Structure formats: structure tokens, C-alpha cells
file data-v8.tsv (TSV, C-alpha atoms)
chain	number	residue	atom	x	y	z
A	663	MET	CA	59.11	61.79	55.20
A	664	ILE	CA	60.88	59.57	52.72
A	665	MET	CA	58.65	58.46	49.86
A	666	MET	CA	59.30	54.89	48.80
A	667	GLN	CA	58.89	54.17	45.17
A	668	GLY	CA	58.74	50.78	43.59
A	669	PHE	CA	56.45	47.99	42.57
A	670	GLN	CA	54.16	45.77	44.58
A	671	MET	CA	54.93	42.08	44.72
A	672	ASP	CA	52.35	39.70	46.18
A	673	LEU	CA	53.26	36.16	47.12
A	674	ILE	CA	50.14	34.04	46.87
A	675	SER	CA	50.03	30.89	48.95
A	676	GLU	CA	48.94	27.51	47.67
A	677	ARG	CA	46.05	27.56	50.15
A	678	ARG	CA	44.73	30.86	48.81
A	679	LEU	CA	44.84	29.55	45.24
A	680	ASN	CA	43.16	26.29	46.18
A	681	GLU	CA	40.18	28.25	47.51
A	682	MET	CA	39.51	29.63	44.03
A	683	THR	CA	37.91	27.99	41.02
A	684	PRO	CA	39.96	28.03	37.78
A	685	VAL	CA	37.87	30.93	36.45
A	686	GLU	CA	38.34	32.91	39.67
A	687	LYS	CA	42.10	32.30	39.60
A	688	VAL	CA	42.44	33.61	36.05
A	689	ARG	CA	40.25	36.66	36.79
A	690	PHE	CA	42.15	37.39	40.01
A	691	ILE	CA	45.54	37.21	38.28
A	692	ILE	CA	44.46	39.42	35.38
A	693	ASP	CA	42.96	42.05	37.69
A	694	GLU	CA	46.06	42.19	39.88
A	695	VAL	CA	48.51	42.27	36.99
A	696	LYS	CA	46.55	45.02	35.22
A	697	GLU	CA	47.04	47.10	38.37
A	698	GLY	CA	50.78	46.69	37.92
A	699	LYS	CA	51.41	44.04	40.56
A	700	ILE	CA	53.91	41.21	40.28
A	701	LEU	CA	52.48	37.92	41.53
A	702	VAL	CA	54.43	34.94	42.76
A	703	LEU	CA	52.18	31.90	42.96
A	704	GLU	CA	53.43	29.30	45.38
A	705	LYS	CA	51.83	26.42	43.52
A	706	GLY	CA	51.34	27.87	40.07
A	707	LEU	CA	48.58	27.05	37.63
A	708	SER	CA	47.57	23.87	35.89
A	709	PRO	CA	48.45	23.72	32.15
A	710	GLU	CA	44.75	24.24	31.32
A	711	GLU	CA	44.61	27.30	33.58
A	712	GLU	CA	47.75	28.69	31.95
A	713	ALA	CA	46.07	28.30	28.55
A	714	SER	CA	42.92	30.05	29.86
A	715	LEU	CA	45.06	32.87	31.25
A	716	ILE	CA	46.75	33.36	27.88
A	717	GLU	CA	43.34	33.37	26.18
A	718	MET	CA	41.85	35.96	28.54
A	719	THR	CA	44.98	38.10	28.36
A	720	MET	CA	44.60	38.31	24.59
A	721	THR	CA	41.02	39.55	24.89
A	722	LEU	CA	42.15	42.45	27.12
A	723	ILE	CA	45.15	43.73	25.14
A	724	GLU	CA	44.69	47.33	24.00
A	725	PRO	CA	46.92	49.57	21.91
A	726	ASP	CA	48.70	52.11	24.17
A	727	GLY	CA	47.30	50.26	27.19
A	728	PHE	CA	47.64	46.74	28.50
A	729	SER	CA	50.08	44.84	26.26
A	730	GLY	CA	49.87	41.47	27.96
A	731	ILE	CA	51.62	39.51	30.67
A	732	GLU	CA	54.99	38.01	31.32
A	733	MET	CA	54.49	34.60	32.87
A	734	GLU	CA	57.22	32.22	33.86
A	735	SER	CA	56.73	28.86	35.44
A	736	TYR	CA	58.96	25.86	35.76
A	737	PRO	CA	58.08	22.95	33.48
A	738	SER	CA	55.34	20.92	35.15
A	739	GLU	CA	56.10	17.45	36.39
A	740	VAL	CA	53.99	14.42	35.64
A	741	ASP	CA	52.78	12.53	38.70
A	742	THR	CA	54.06	8.97	38.41
A	743	SER	CA	52.52	7.89	41.68
A	744	PHE	CA	50.61	4.66	42.17
A	745	LEU	CA	47.30	6.57	42.17
A	746	GLY	CA	48.15	8.20	38.85
A	747	LYS	CA	48.91	4.82	37.33
A	748	ILE	CA	45.66	3.35	38.65
A	749	LEU	CA	43.65	6.25	37.22
A	750	LYS	CA	45.53	5.79	33.92
A	751	ARG	CA	45.73	9.50	33.32
A	752	ASN	CA	48.55	11.93	33.73
A	753	ILE	CA	48.33	14.22	36.72
A	754	THR	CA	50.62	17.17	36.22
A	755	LYS	CA	52.11	18.87	39.23
A	756	SER	CA	52.34	22.61	38.71
A	757	ARG	CA	55.21	24.56	40.22
A	758	LEU	CA	56.05	28.08	41.32
A	759	THR	CA	55.02	30.74	38.81
A	760	VAL	CA	55.82	34.42	38.43
A	761	ILE	CA	53.35	36.66	36.57
A	762	GLY	CA	53.46	40.39	35.92
A	763	PRO	CA	52.69	43.08	33.36
A	764	ALA	CA	54.68	42.55	30.15
A	765	ASP	CA	55.94	46.15	30.23
A	766	GLN	CA	57.38	45.79	33.75
A	767	LEU	CA	58.56	42.21	34.08
A	768	LYS	CA	61.15	40.71	31.79
A	769	THR	CA	62.63	37.26	32.01
A	770	LEU	CA	66.39	37.28	31.75
A	771	LYS	CA	67.11	33.60	32.01
A	772	LYS	CA	65.21	30.49	32.79
A	773	ASP	CA	66.00	26.85	33.10
A	774	ARG	CA	64.45	23.79	34.71
A	775	ASN	CA	65.16	25.01	38.25
A	776	MET	CA	65.77	28.76	38.12
A	777	ILE	CA	63.94	31.83	36.88
A	778	SER	CA	65.87	35.09	36.67
A	779	ALA	CA	63.78	38.20	35.99
A	780	LEU	CA	64.17	41.94	35.75
A	781	ILE	CA	61.45	44.12	37.25
A	782	SER	CA	61.16	47.72	36.16
A	783	ASN	CA	59.44	50.64	37.91
A	784	TYR	CA	58.88	52.34	34.63
A	785	LYS	CA	56.30	51.42	32.03
B	199	MET	CA	15.40	8.53	-5.43
B	200	GLY	CA	14.06	4.98	-5.14
B	201	VAL	CA	13.35	3.34	-1.82
B	202	ILE	CA	16.23	0.85	-2.16
B	203	LYS	CA	18.69	3.56	-3.23
B	204	ARG	CA	17.62	5.77	-0.33
B	205	PHE	CA	17.95	2.85	2.09
B	206	LYS	CA	21.45	2.12	0.74
B	207	LYS	CA	22.48	5.77	1.15
B	208	ASN	CA	21.08	6.03	4.68
B	209	PHE	CA	22.76	2.77	5.66
B	210	SER	CA	26.05	3.94	4.16
B	211	ASP	CA	25.87	7.27	6.05
B	212	LEU	CA	25.10	5.45	9.29
B	213	PHE	CA	27.93	2.98	8.73
B	214	ASN	CA	30.39	5.80	8.06
B	215	LYS	CA	29.25	7.66	11.15
B	216	LEU	CA	29.60	4.61	13.37
B	217	PHE	CA	32.71	2.94	12.06
B	218	LYS	CA	34.74	5.24	9.82
B	219	LYS	CA	37.91	6.24	11.60
B	220	GLN	CA	38.53	9.97	11.37
B	221	ASN	CA	41.98	11.20	10.50
B	222	ALA	CA	44.08	12.17	13.49
B	223	ARG	CA	44.15	15.96	13.88
B	224	ILE	CA	47.69	17.16	14.46
B	225	GLY	CA	48.33	20.78	15.42
B	226	ILE	CA	51.57	22.56	14.61
B	227	TYR	CA	52.32	24.81	17.59
B	228	GLY	CA	55.08	27.06	18.78
B	229	PRO	CA	56.10	30.64	19.49
B	230	PRO	CA	56.01	33.24	16.69
B	231	ASN	CA	58.79	32.89	14.08
B	232	ALA	CA	59.74	29.33	15.07
B	233	GLY	CA	59.03	28.16	11.51
B	234	LYS	CA	55.59	26.56	11.90
B	235	THR	CA	54.21	27.60	8.52
B	236	THR	CA	57.52	26.83	6.82
B	237	LEU	CA	57.22	23.30	8.22
B	238	ALA	CA	53.52	23.05	7.26
B	239	ASN	CA	54.44	24.15	3.73
B	240	ARG	CA	57.24	21.57	3.60
B	241	ILE	CA	54.86	18.77	4.65
B	242	LEU	CA	52.19	19.79	2.13
B	243	ARG	CA	54.66	20.28	-0.72
B	244	ASP	CA	56.22	16.88	-0.06
B	245	TRP	CA	52.91	14.98	0.12
B	246	THR	CA	50.30	17.02	-1.74
B	247	GLY	CA	52.28	19.38	-3.97
B	248	ASP	CA	50.44	22.29	-2.36
B	249	ALA	CA	51.30	24.95	0.26
B	250	MET	CA	49.68	26.07	3.52
B	251	GLY	CA	50.40	29.80	3.71
B	252	SER	CA	52.84	32.66	3.34
B	253	VAL	CA	55.88	33.07	5.57
B	254	SER	CA	57.69	36.17	6.78
B	255	HIS	CA	60.45	37.25	9.17
B	256	ILE	CA	57.90	39.56	10.84
B	257	PRO	CA	56.27	37.85	13.83
B	258	HIS	CA	52.60	36.80	13.66
B	259	GLU	CA	52.51	36.39	9.88
B	260	THR	CA	50.04	33.55	10.45
B	261	ARG	CA	47.05	35.05	12.27
B	262	ARG	CA	44.39	32.47	11.42
B	263	ALA	CA	44.60	28.73	11.97
B	264	ARG	CA	44.70	26.84	8.68
B	265	ARG	CA	43.56	23.26	8.36
B	266	ARG	CA	44.45	20.81	5.62
B	267	GLU	CA	42.59	17.52	5.68
B	268	GLY	CA	43.71	14.13	4.47
B	269	VAL	CA	47.47	14.53	4.13
B	270	THR	CA	48.89	11.03	3.54
B	271	ILE	CA	52.47	10.53	4.69
B	272	LYS	CA	54.29	7.39	3.58
B	273	THR	CA	57.45	6.17	5.22
B	274	ASN	CA	59.47	2.95	5.05
B	275	SER	CA	57.62	1.59	8.06
B	276	ASN	CA	54.15	3.06	7.83
B	277	SER	CA	51.56	5.10	5.95
B	278	LEU	CA	49.15	7.40	7.73
B	279	THR	CA	46.65	10.08	6.82
B	280	LEU	CA	46.44	13.18	8.99
B	281	ASP	CA	44.59	16.47	9.21
B	282	ILE	CA	47.25	19.14	9.68
B	283	ILE	CA	46.41	22.38	11.50
B	284	ASP	CA	48.91	25.21	11.19
B	285	THR	CA	48.24	27.49	14.17
B	286	PRO	CA	49.19	31.14	14.78
B	287	GLY	CA	52.19	31.70	17.04
B	288	LEU	CA	51.36	31.55	20.74
B	289	ALA	CA	52.34	34.50	22.91
B	290	THR	CA	51.49	36.04	26.28
B	291	LYS	CA	52.01	39.61	25.09
B	292	ILE	CA	51.51	41.53	21.85
B	293	ASP	CA	52.70	45.11	21.51
B	294	PHE	CA	51.93	46.89	18.23
B	295	HIS	CA	55.17	48.92	18.60
B	296	GLU	CA	57.10	45.78	17.69
B	297	PHE	CA	55.46	45.79	14.25
B	298	MET	CA	56.26	49.50	13.83
B	299	GLU	CA	59.91	48.63	14.47
B	300	GLN	CA	59.63	46.31	11.46
B	301	GLY	CA	58.67	49.27	9.27
B	302	MET	CA	54.87	49.13	9.39
B	303	ASP	CA	52.84	52.30	9.93
B	304	GLU	CA	50.84	52.75	13.14
B	305	THR	CA	47.44	51.86	11.69
B	306	GLU	CA	48.74	48.71	10.04
B	307	SER	CA	50.65	47.74	13.19
B	308	LYS	CA	47.58	48.11	15.40
B	309	ARG	CA	45.49	46.09	12.95
B	310	ARG	CA	48.11	43.35	12.84
B	311	ALA	CA	48.35	43.32	16.66
B	312	LYS	CA	44.57	42.97	16.97
B	313	GLU	CA	44.53	40.10	14.46
B	314	ALA	CA	47.46	38.48	16.26
B	315	THR	CA	45.56	38.46	19.58
B	316	GLU	CA	42.63	36.78	17.84
B	317	GLY	CA	45.02	34.25	16.33
B	318	VAL	CA	46.44	33.34	19.73
B	319	ILE	CA	42.92	32.80	21.09
B	320	GLU	CA	42.14	30.54	18.12
B	321	ALA	CA	45.34	28.54	18.68
B	322	VAL	CA	44.50	28.04	22.37
B	323	LYS	CA	40.96	26.89	21.52
B	324	TRP	CA	42.33	24.32	19.05
B	325	LEU	CA	44.17	22.58	21.91
B	326	ASP	CA	40.83	21.04	22.93
B	327	ASN	CA	40.27	19.49	19.50
B	328	LEU	CA	43.53	17.76	18.68
B	329	ASP	CA	44.88	14.22	18.74
B	330	GLY	CA	48.52	15.29	18.92
B	331	VAL	CA	50.89	18.20	18.59
B	332	ILE	CA	54.06	18.97	16.68
B	333	LEU	CA	55.76	21.63	18.80
B	334	VAL	CA	58.17	23.67	16.72
B	335	MET	CA	61.03	25.41	18.53
B	336	ASP	CA	63.67	27.69	17.09
B	337	ALA	CA	66.93	25.85	17.83
B	338	THR	CA	68.80	29.16	18.00
B	339	GLU	CA	66.61	30.39	20.90
B	340	ASP	CA	66.18	29.53	24.57
B	341	PRO	CA	63.72	26.59	24.71
B	342	PHE	CA	62.36	27.40	28.19
B	343	THR	CA	59.75	29.87	26.97
B	344	GLN	CA	56.37	29.98	28.66
B	345	VAL	CA	54.64	29.05	25.40
B	346	ASN	CA	56.67	25.83	25.14
B	347	VAL	CA	56.09	25.00	28.81
B	348	THR	CA	52.33	25.60	28.50
B	349	VAL	CA	51.88	23.56	25.31
B	350	ILE	CA	53.90	20.64	26.68
B	351	GLY	CA	51.98	20.79	29.97
B	352	ASN	CA	48.65	20.70	28.14
B	353	MET	CA	49.67	17.68	26.07
B	354	GLU	CA	50.92	15.87	29.18
B	355	ALA	CA	47.71	16.66	31.07
B	356	ARG	CA	45.65	15.28	28.18
B	357	SER	CA	47.95	12.27	27.67
B	358	LEU	CA	48.26	13.19	23.98
B	359	PRO	CA	51.31	12.45	21.82
B	360	LEU	CA	53.81	15.23	21.28
B	361	LEU	CA	56.73	15.53	18.90
B	362	ILE	CA	59.21	18.34	19.48
B	363	VAL	CA	60.88	19.76	16.38
B	364	ALA	CA	64.16	21.63	16.83
B	365	ASN	CA	63.97	23.78	13.72
B	366	LYS	CA	66.52	25.99	11.92
B	367	VAL	CA	69.47	23.62	12.31
B	368	ASP	CA	70.80	25.06	9.06
B	369	LEU	CA	71.90	28.08	11.13
B	370	PRO	CA	75.41	27.77	12.66
B	371	GLU	CA	74.28	29.08	16.08
B	372	SER	CA	71.56	26.42	16.43
B	373	SER	CA	71.77	24.07	19.40
B	374	PRO	CA	69.21	21.24	19.17
B	375	SER	CA	70.90	19.45	22.07
B	376	THR	CA	69.79	22.32	24.35
B	377	ILE	CA	66.17	21.53	23.44
B	378	ARG	CA	66.69	17.80	23.97
B	379	ASP	CA	68.20	18.47	27.40
B	380	ALA	CA	65.36	20.85	28.32
B	381	PHE	CA	62.56	18.36	27.65
B	382	PRO	CA	64.16	14.91	27.81
B	383	GLN	CA	60.84	13.16	28.45
B	384	HIS	CA	59.61	13.83	24.89
B	385	PRO	CA	60.90	12.70	21.49
B	386	MET	CA	62.71	15.36	19.49
B	387	VAL	CA	63.89	15.60	15.92
B	388	ALA	CA	66.30	18.25	14.65
B	389	ILE	CA	65.48	19.59	11.19
B	390	SER	CA	65.67	22.53	8.85
B	391	ALA	CA	62.15	22.99	7.50
B	392	LEU	CA	63.51	25.61	5.11
B	393	GLU	CA	66.17	23.41	3.53
B	394	GLY	CA	64.57	20.03	4.16
B	395	LYS	CA	67.51	18.80	6.22
B	396	ASN	CA	66.70	15.57	8.15
B	397	ILE	CA	63.11	15.72	6.93
B	398	ASP	CA	62.87	11.95	6.30
B	399	THR	CA	63.68	11.29	9.97
B	400	PHE	CA	60.95	13.78	10.85
B	401	TYR	CA	58.39	11.82	8.80
B	402	GLU	CA	59.51	8.56	10.41
B	403	GLU	CA	58.97	10.14	13.83
B	404	ILE	CA	55.51	11.36	12.78
B	405	ALA	CA	54.58	7.83	11.70
B	406	LYS	CA	55.92	6.46	14.99
B	407	ARG	CA	54.17	9.01	17.22
B	408	PHE	CA	50.86	9.57	15.44
B	409	GLY	CA	50.42	6.39	13.43
call {"tool": "encode", "arguments": {"input": "data-v8.tsv", "output": "C-alpha cells"}}
result
Amino acid sequence: MIMMQGFQMDLISERRLNEMTPVEKVRFIIDEVKEGKILVLEKGLSPEEEASLIEMTMTLIEPDGFSGIEMESYPSEVDTSFLGKILKRNITKSRLTVIGPADQLKTLKKDRNMISALISNYK
Amino acid sequence: MGVIKRFKKNFSDLFNKLFKKQNARIGIYGPPNAGKTTLANRILRDWTGDAMGSVSHIPHETRRARRREGVTIKTNSNSLTLDIIDTPGLATKIDFHEFMEQGMDETESKRRAKEATEGVIEAVKWLDNLDGVILVMDATEDPFTQVNVTVIGNMEARSLPLLIVANKVDLPESSPSTIRDAFPQHPMVAISALEGKNIDTFYEEIAKRFG
């Protein structure tokens, strides 16, 4: 029997994310990434959720253990729709986001419309 | 204290509470080593004769947010008084080995890493208490970092003013135009906080954005 070695990558749909509260999303992502998984979020996180994720990540960093996350999302886009103008507040549209353990996922290049990353088996 | 004096004081306190405009709180944000504290020091030296904190080439030199109240900036077009908050560098990962590579011993590196994580948390919490942000980017580095994207996204979501600073233009490899092209929807000013290059334009932009 051939043993396959590698990493697990989970692609999370927008629907799955929408079923979670912001706190649940952050907790889910942290738990999965700490297990060594790479997550691709179809819709991404709101800017506030990204900030919460950074905050929670910092509380869990340990020497010789979890060193944090690598997170890459495209710049969000501001909704300039009629509804947004009526509400007089900016509605940001989040976009695809890749998140993984900092010791396994490394961003090589990123621009407005492309994310290039290197994923390593080895910690 | 007499009754009239006490009444005057109470009335004055109430008046101040109701009508006194608080200074706008402006946070200086950015990734580690972008030059945030160098810029904060430049602003304070220019307008108060003081300094904000020490700077270093080692990342996460600033590990506690520092606040300086009532900094009055005067330009040709305007005069405004701000509270300036110099925040620790934002990051999504902190590995103590990086400090050891800079020559620190293991104990010191772990202590610095722990303090750096606390600093990042403090910087994130400050986002909820600001009236605007100066986002400092190193013009020799790729501007599409997650920290930059997250800070800009948070300012856009809150509809708060943002001024992007392309710092370190004194270095030959700097490319402020790359930053301008990356975030064309926001105003940007290219400066060298270290040498003071283009600093008057920076103050004019501050007056325009936060005044």
C-alpha cells in the first residue's frame, strides 16, 4: 500500500461561513489551522473578523509551539451600490482568503488579483 | 469652597463635558520595522521638541502603544491639535527564533516575543478607539501584506480617514509608486521620516485629512 504524505487543504464555502457567527468563524479557523490544515475561504472574512483573528492568534502563540498564522486575502472592495449610499456607511465586500500555519504556509507573491503561496510538509 | 465658586466649577465641568471638542485620536499603524516610531518621533520633535520612543532595526522594538496628547500641527492652510498614538507593529505570526537570529539569547528572545504578542493585541484593540489612521509602509517592501490589507479594510468599514505614508524614500530601492498603485483609492504621501524628506507635504496632508 502506498502511503500518501502531504498536508490537508479544506475549501470552505461561503454558505458554511455564513452559518457561523464571527466568534465561531475565528474559533473554527484557529482550531483547524492549529491542526496543520490550510484553509481556503470562498468568501473570506470581514475586516473586523480579520482583526479578531489576529488578536486571538496572538493569545495562542507559544515558544516552540504555535507561532501564528499566515493569512492572505485580496484587498476588500467597498460596496458602492445604491443601498450602501442610502445607508451612508461603507459596506466592504470580503474576498477569497487563504489561511494556514505560519510554519507551513508562506506567501511568495501577492497582488490585487493573485496570491502565490508555498506550502511545506515540514514544520 | 464657597457656594458660588462651587457652582461655577460644576457648571464649567458640565460645559466642558457637553461642548468641548476632544482632539482627534490618530493612530500610527503598520507592519514591524516600517518606521512608525521614527515618524512619531519626527512629528513630536517638529511640534513639541520631544520624542515618542526608541527605534531599532530589530523588529518589535515598540511593544506598548504610546499616546501623546495635544500635538498642535500648523500648516500654511490649517492648524489642528491631535492625540497621536504610536502602536506596536502588527503581525500575524511571531517566532522568537527571529530575535535569536538578531543576536539575542533564548530567554531574552522569548520574553521579547511574548511582549510583542501583547503589543499586537493592544494595537488591534486601539482600532476601536480612533478617529483616523496614518498607515506607514516601507516603500522598499511589497505593499500587499495582510497587515496593510486588514488595517485599510477596517478603516474603510468604519468610514474613518486614512493617510498612507510610503516611508524610507531616502533608500535607492524604494518604490512609492508601487504603494500608490496598490491602494489608489486612498491618499498617499512619500516621505523619509528619518531624514525629514517631504515632511511638509506630509503635514499638509494630515491637515487636509484629519483637520
call {"tool": "atom_distance", "arguments": {"input": "data-v8.tsv", "atom1": "atom CA of B:Phe381", "atom2": "atom CA of B:Asn239"}}
result
25.9 Å
call {"tool": "interface_residues", "arguments": {"input": "data-v8.tsv", "of": "chain A", "to": "chain B", "cutoff": "6 Å", "atoms": "all atoms listed in the file", "output": "ChimeraX atom specification"}}
result
/A:709,716-717,720,729-731,734,737,752,754
call {"tool": "write_last_selection", "arguments": {"input": "data-v8.tsv", "atoms": "C-alpha atoms", "output": "compact mmCIF listing (two decimals), in the frame of the given file"}}
result
# COMPACT_ATOMS: atom_id res chain seq x y z
CA PRO A 709 48.45 23.72 32.15
CA ILE A 716 46.75 33.36 27.88
CA GLU A 717 43.34 33.37 26.18
CA MET A 720 44.60 38.31 24.59
CA SER A 729 50.08 44.84 26.26
CA GLY A 730 49.87 41.47 27.96
CA ILE A 731 51.62 39.51 30.67
CA GLU A 734 57.22 32.22 33.86
CA PRO A 737 58.08 22.95 33.48
CA ASN A 752 48.55 11.93 33.73
CA THR A 754 50.62 17.17 36.22
call {"tool": "residues_around", "arguments": {"input": "data-v8.tsv", "residues": "B:Lys366", "least_positions_apart": "5", "cutoff": "9 Å", "atoms": "only C-alpha atoms", "output": "ChimeraX atom specification"}}
result
/B:232-233,335-338,372,388-393
call {"tool": "atom_distance", "arguments": {"input": "data-v8.tsv", "atom1": "atom CA of B:Arg407", "atom2": "atom CA of B:Ser275"}}
result
12.3 Å
call {"tool": "residues_around", "arguments": {"input": "data-v8.tsv", "residues": "stretch 218-228 of chain B", "least_positions_apart": "6", "cutoff": "10 Å", "atoms": "only C-alpha atoms", "output": "NGL selection string"}}
result
:B and (211-212 or 234-235 or 237-238 or 263-270 or 278-289 or 321-322 or 324-325 or 327-336 or 343 or 345-346 or 349 or 359-363 or 404 or 408-409)
call {"tool": "write_last_selection", "arguments": {"input": "data-v8.tsv", "atoms": "C-alpha atoms", "output": "CSV table (one decimal), keeping the file's coordinate frame"}}
result
chain,number,residue,atom,x,y,z
B,211,ASP,CA,25.9,7.3,6.0
B,212,LEU,CA,25.1,5.4,9.3
B,234,LYS,CA,55.6,26.6,11.9
B,235,THR,CA,54.2,27.6,8.5
B,237,LEU,CA,57.2,23.3,8.2
B,238,ALA,CA,53.5,23.0,7.3
B,263,ALA,CA,44.6,28.7,12.0
B,264,ARG,CA,44.7,26.8,8.7
B,265,ARG,CA,43.6,23.3,8.4
B,266,ARG,CA,44.4,20.8,5.6
B,267,GLU,CA,42.6,17.5,5.7
B,268,GLY,CA,43.7,14.1,4.5
B,269,VAL,CA,47.5,14.5,4.1
B,270,THR,CA,48.9,11.0,3.5
B,278,LEU,CA,49.2,7.4,7.7
B,279,THR,CA,46.6,10.1,6.8
B,280,LEU,CA,46.4,13.2,9.0
B,281,ASP,CA,44.6,16.5,9.2
B,282,ILE,CA,47.2,19.1,9.7
B,283,ILE,CA,46.4,22.4,11.5
B,284,ASP,CA,48.9,25.2,11.2
B,285,THR,CA,48.2,27.5,14.2
B,286,PRO,CA,49.2,31.1,14.8
B,287,GLY,CA,52.2,31.7,17.0
B,288,LEU,CA,51.4,31.6,20.7
B,289,ALA,CA,52.3,34.5,22.9
B,321,ALA,CA,45.3,28.5,18.7
B,322,VAL,CA,44.5,28.0,22.4
B,324,TRP,CA,42.3,24.3,19.0
B,325,LEU,CA,44.2,22.6,21.9
B,327,ASN,CA,40.3,19.5,19.5
B,328,LEU,CA,43.5,17.8,18.7
B,329,ASP,CA,44.9,14.2,18.7
B,330,GLY,CA,48.5,15.3,18.9
B,331,VAL,CA,50.9,18.2,18.6
B,332,ILE,CA,54.1,19.0,16.7
B,333,LEU,CA,55.8,21.6,18.8
B,334,VAL,CA,58.2,23.7,16.7
B,335,MET,CA,61.0,25.4,18.5
B,336,ASP,CA,63.7,27.7,17.1
B,343,THR,CA,59.8,29.9,27.0
B,345,VAL,CA,54.6,29.0,25.4
B,346,ASN,CA,56.7,25.8,25.1
B,349,VAL,CA,51.9,23.6,25.3
B,359,PRO,CA,51.3,12.4,21.8
B,360,LEU,CA,53.8,15.2,21.3
B,361,LEU,CA,56.7,15.5,18.9
B,362,ILE,CA,59.2,18.3,19.5
B,363,VAL,CA,60.9,19.8,16.4
B,404,ILE,CA,55.5,11.4,12.8
B,408,PHE,CA,50.9,9.6,15.4
B,409,GLY,CA,50.4,6.4,13.4
call {"tool": "atom_distance", "arguments": {"input": "data-v8.tsv", "atom1": "atom CA of B:Ala405", "atom2": "atom CA of B:Ser254"}}
result
28.9 Å
call {"tool": "closest_residue", "arguments": {"input": "data-v8.tsv", "among": "A:Ala764, A:Ile700, A:Met682, A:Ile691", "to": "A:Ser714", "atoms": "all atoms listed in the file"}}
result
A:Ile691
call {"tool": "residues_around", "arguments": {"input": "data-v8.tsv", "residues": "A:Lys705", "least_positions_apart": "5", "cutoff": "7 Å", "atoms": "only C-alpha atoms", "output": "list of chain:residue names"}}
result
A:Glu676, A:Ser756, A:Arg757, A:Leu758
call {"tool": "write_last_selection", "arguments": {"input": "data-v8.tsv", "atoms": "C-alpha atoms", "output": "compact mmCIF listing (two decimals), in the frame of the given file"}}
result
# COMPACT_ATOMS: atom_id res chain seq x y z
CA GLU A 676 48.94 27.51 47.67
CA SER A 756 52.34 22.61 38.71
CA ARG A 757 55.21 24.56 40.22
CA LEU A 758 56.05 28.08 41.32
call {"tool": "closest_residue", "arguments": {"input": "data-v8.tsv", "among": "B:Asn396, B:Thr236, B:Met298, B:Pro382", "to": "B:Gly251", "atoms": "all atoms listed in the file"}}
result
B:Thr236
call {"tool": "closest_residue", "arguments": {"input": "data-v8.tsv", "among": "B:Tyr401, B:Asp368, B:Glu313, B:Glu339", "to": "A:Glu724", "atoms": "only C-alpha atoms"}}
result
B:Glu313
call {"tool": "residues_around", "arguments": {"input": "data-v8.tsv", "residues": "A:Leu679", "least_positions_apart": "5", "cutoff": "12 Å", "atoms": "only C-alpha atoms", "output": "list in words"}}
result
Leu673, Ile674, Pro684, Val685, Glu686, Lys687, Val688, Arg689, Phe690, Ile691, Leu701, Val702, Leu703, Glu704, Lys705, Gly706, Leu707, Ser708, Glu711 and Leu758 of chain A
call {"tool": "write_last_selection", "arguments": {"input": "data-v8.tsv", "atoms": "C-alpha atoms", "output": "PDB file, in the frame of the given file"}}
result
ATOM      1  CA  LEU A 673      53.260  36.160  47.120  1.00  0.00           C
ATOM      2  CA  ILE A 674      50.140  34.040  46.870  1.00  0.00           C
ATOM      3  CA  PRO A 684      39.960  28.030  37.780  1.00  0.00           C
ATOM      4  CA  VAL A 685      37.870  30.930  36.450  1.00  0.00           C
ATOM      5  CA  GLU A 686      38.340  32.910  39.670  1.00  0.00           C
ATOM      6  CA  LYS A 687      42.100  32.300  39.600  1.00  0.00           C
ATOM      7  CA  VAL A 688      42.440  33.610  36.050  1.00  0.00           C
ATOM      8  CA  ARG A 689      40.250  36.660  36.790  1.00  0.00           C
ATOM      9  CA  PHE A 690      42.150  37.390  40.010  1.00  0.00           C
ATOM     10  CA  ILE A 691      45.540  37.210  38.280  1.00  0.00           C
ATOM     11  CA  LEU A 701      52.480  37.920  41.530  1.00  0.00           C
ATOM     12  CA  VAL A 702      54.430  34.940  42.760  1.00  0.00           C
ATOM     13  CA  LEU A 703      52.180  31.900  42.960  1.00  0.00           C
ATOM     14  CA  GLU A 704      53.430  29.300  45.380  1.00  0.00           C
ATOM     15  CA  LYS A 705      51.830  26.420  43.520  1.00  0.00           C
ATOM     16  CA  GLY A 706      51.340  27.870  40.070  1.00  0.00           C
ATOM     17  CA  LEU A 707      48.580  27.050  37.630  1.00  0.00           C
ATOM     18  CA  SER A 708      47.570  23.870  35.890  1.00  0.00           C
ATOM     19  CA  GLU A 711      44.610  27.300  33.580  1.00  0.00           C
ATOM     20  CA  LEU A 758      56.050  28.080  41.320  1.00  0.00           C
TER      21      LEU A 758
END
call {"tool": "closest_residue", "arguments": {"input": "data-v8.tsv", "among": "A:Gln667, A:Pro763, A:Ser782, A:Phe728", "to": "A:Val695", "atoms": "all atoms listed in the file"}}
result
A:Pro763
call {"tool": "closest_residue", "arguments": {"input": "data-v8.tsv", "among": "A:Arg774, A:Ser735, A:Glu681, A:Leu767", "to": "A:Glu712", "atoms": "only C-alpha atoms"}}
result
A:Ser735
call {"tool": "closest_residue", "arguments": {"input": "data-v8.tsv", "among": "A:Thr683, A:Asp765, A:Gln670, A:Lys755", "to": "A:Asp726", "atoms": "all atoms listed in the file"}}
result
A:Asp765
